[in-house]
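Chemist: Sending over a structure as structure tokens; questions will come in a sec.
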Amino acid sequence: MNKGDLQIALSELSGAVTFFNKRGQGVKLDGLGTYLPSIDTKGELSISHRLDADIKNTLNAKGAYHGDMQFRENIGKTNEEFIAMWNKDHPEDLVV
């Protein structure tokens, strides 16, 4: 499959998801996830995406992520530690 064929296939897939979601039907794409339509009390349609469990588990495996990360040193800190950090940096606006 070349790039053009792939773009056409993705466009068709997008159209199919849109078609079924507009009719209130969820769409499951094996290996990718599920697109679920819902309507709020104002009548506004929204679509949520539930990521495929295998992708989620693979990405969440310890050591799987290799990209840049801001504030890596904050991973694992408790709420109390975040509050202490805030209060130290913002004595005029303390969190109690």
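Letters A, B, ... go to the chains of the structure tokens in the order shown; residues in each chain start at 1; ligands are counted from 1 in the same order.
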Per residue of region 46-75 of chain A within 9 Å of region 16-36 of chain A, what are the shortest atom pair and its distance in Å to one decimal, counting only C-alpha atoms, with rows by chain and residue number, as a Markdown table?
Modeler:
```
| residue | atom | partner | partner_atom | distance |
| --- | --- | --- | --- | --- |
| A:Ser46 | CA | A:Leu36 | CA | 8.3 |
| A:Ile47 | CA | A:Leu36 | CA | 5.4 |
| A:Ser48 | CA | A:Leu36 | CA | 5.2 |
| A:His49 | CA | A:Tyr35 | CA | 4.6 |
| A:Arg50 | CA | A:Thr34 | CA | 5.1 |
| A:Leu51 | CA | A:Gly33 | CA | 4.4 |
| A:Asp52 | CA | A:Gly33 | CA | 4.1 |
| A:Ala53 | CA | A:Gly33 | CA | 7.8 |
| A:Asp54 | CA | A:Gly31 | CA | 7.4 |
| A:Ile55 | CA | A:Leu32 | CA | 7.4 |
```
Chemist: To one decimal place, how far is CA of Asn79 (chain A) from CA of Glu92 (chain A) in Å?
Modeler: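 Distance between the two atoms: 19.5 Å.
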Chemist: Which of region 4-94 of chain A counts as helix (DSSP H, G or I) under DSSP, as a VMD selection string please?
Modeler: chain A and resid 4 to 22 53 to 60 72 to 74 79 to 89
Chemist: Write down as a PyMOL selection string the residues of chain A whose backbone DSSP state falls under strand (DSSP E).
Modeler: chain A and resi 27-29+33-39+45-51
Chemist: To one decimal place in Å, what is the distance between CA of Ile39 (chain A) and CA of Gly15 (chain A)?
Modeler: 19.8 Å
Chemist: Neighbours of Val96 (chain A) within 12 Å (only C-alpha atoms; same-chain residues fewer than 3 positions away dropped), as a PyMOL selection string?
Modeler: chain A and resi 79-80+82-84+86-87+91+93
Chemist: Quick one: write out the picked residues with N, CA and C atoms as a PDB file, in the first residue's frame?
Modeler:
```pdb
ATOM      1  N   ASN A  79       0.063  14.804  47.028  1.00  0.00           N
ATOM      2  CA  ASN A  79      -0.606  16.109  47.028  1.00  0.00           C
ATOM      3  C   ASN A  79       0.046  17.041  48.037  1.00  0.00           C
ATOM      4  N   GLU A  80       0.419  16.502  49.175  1.00  0.00           N
ATOM      5  CA  GLU A  80       1.057  17.316  50.210  1.00  0.00           C
ATOM      6  C   GLU A  80       2.379  17.899  49.717  1.00  0.00           C
ATOM      7  N   PHE A  82       3.139  18.555  46.567  1.00  0.00           N
ATOM      8  CA  PHE A  82       2.823  19.603  45.598  1.00  0.00           C
ATOM      9  C   PHE A  82       2.388  20.880  46.302  1.00  0.00           C
ATOM     10  N   ILE A  83       1.603  20.738  47.345  1.00  0.00           N
ATOM     11  CA  ILE A  83       1.170  21.914  48.111  1.00  0.00           C
ATOM     12  C   ILE A  83       2.371  22.614  48.729  1.00  0.00           C
ATOM     13  N   ALA A  84       3.290  21.844  49.292  1.00  0.00           N
ATOM     14  CA  ALA A  84       4.495  22.432  49.892  1.00  0.00           C
ATOM     15  C   ALA A  84       5.320  23.167  48.836  1.00  0.00           C
ATOM     16  N   TRP A  86       4.180  24.524  46.043  1.00  0.00           N
ATOM     17  CA  TRP A  86       3.431  25.731  45.686  1.00  0.00           C
ATOM     18  C   TRP A  86       3.620  26.806  46.744  1.00  0.00           C
ATOM     19  N   ASN A  87       3.423  26.422  48.001  1.00  0.00           N
ATOM     20  CA  ASN A  87       3.513  27.395  49.094  1.00  0.00           C
ATOM     21  C   ASN A  87       4.900  28.017  49.185  1.00  0.00           C
ATOM     22  N   PRO A  91       4.375  32.402  48.405  1.00  0.00           N
ATOM     23  CA  PRO A  91       4.006  32.697  49.795  1.00  0.00           C
ATOM     24  C   PRO A  91       2.842  33.687  49.910  1.00  0.00           C
ATOM     25  N   ASP A  93       0.146  33.444  48.162  1.00  0.00           N
ATOM     26  CA  ASP A  93      -1.081  32.740  47.758  1.00  0.00           C
ATOM     27  C   ASP A  93      -1.032  31.305  48.276  1.00  0.00           C
TER      28      ASP A  93
END
```
Chemist: One number please: CA of Asp89 (chain A) to CA of Asp68 (chain A), in Å, one decimal.
Modeler: 24.6 Å
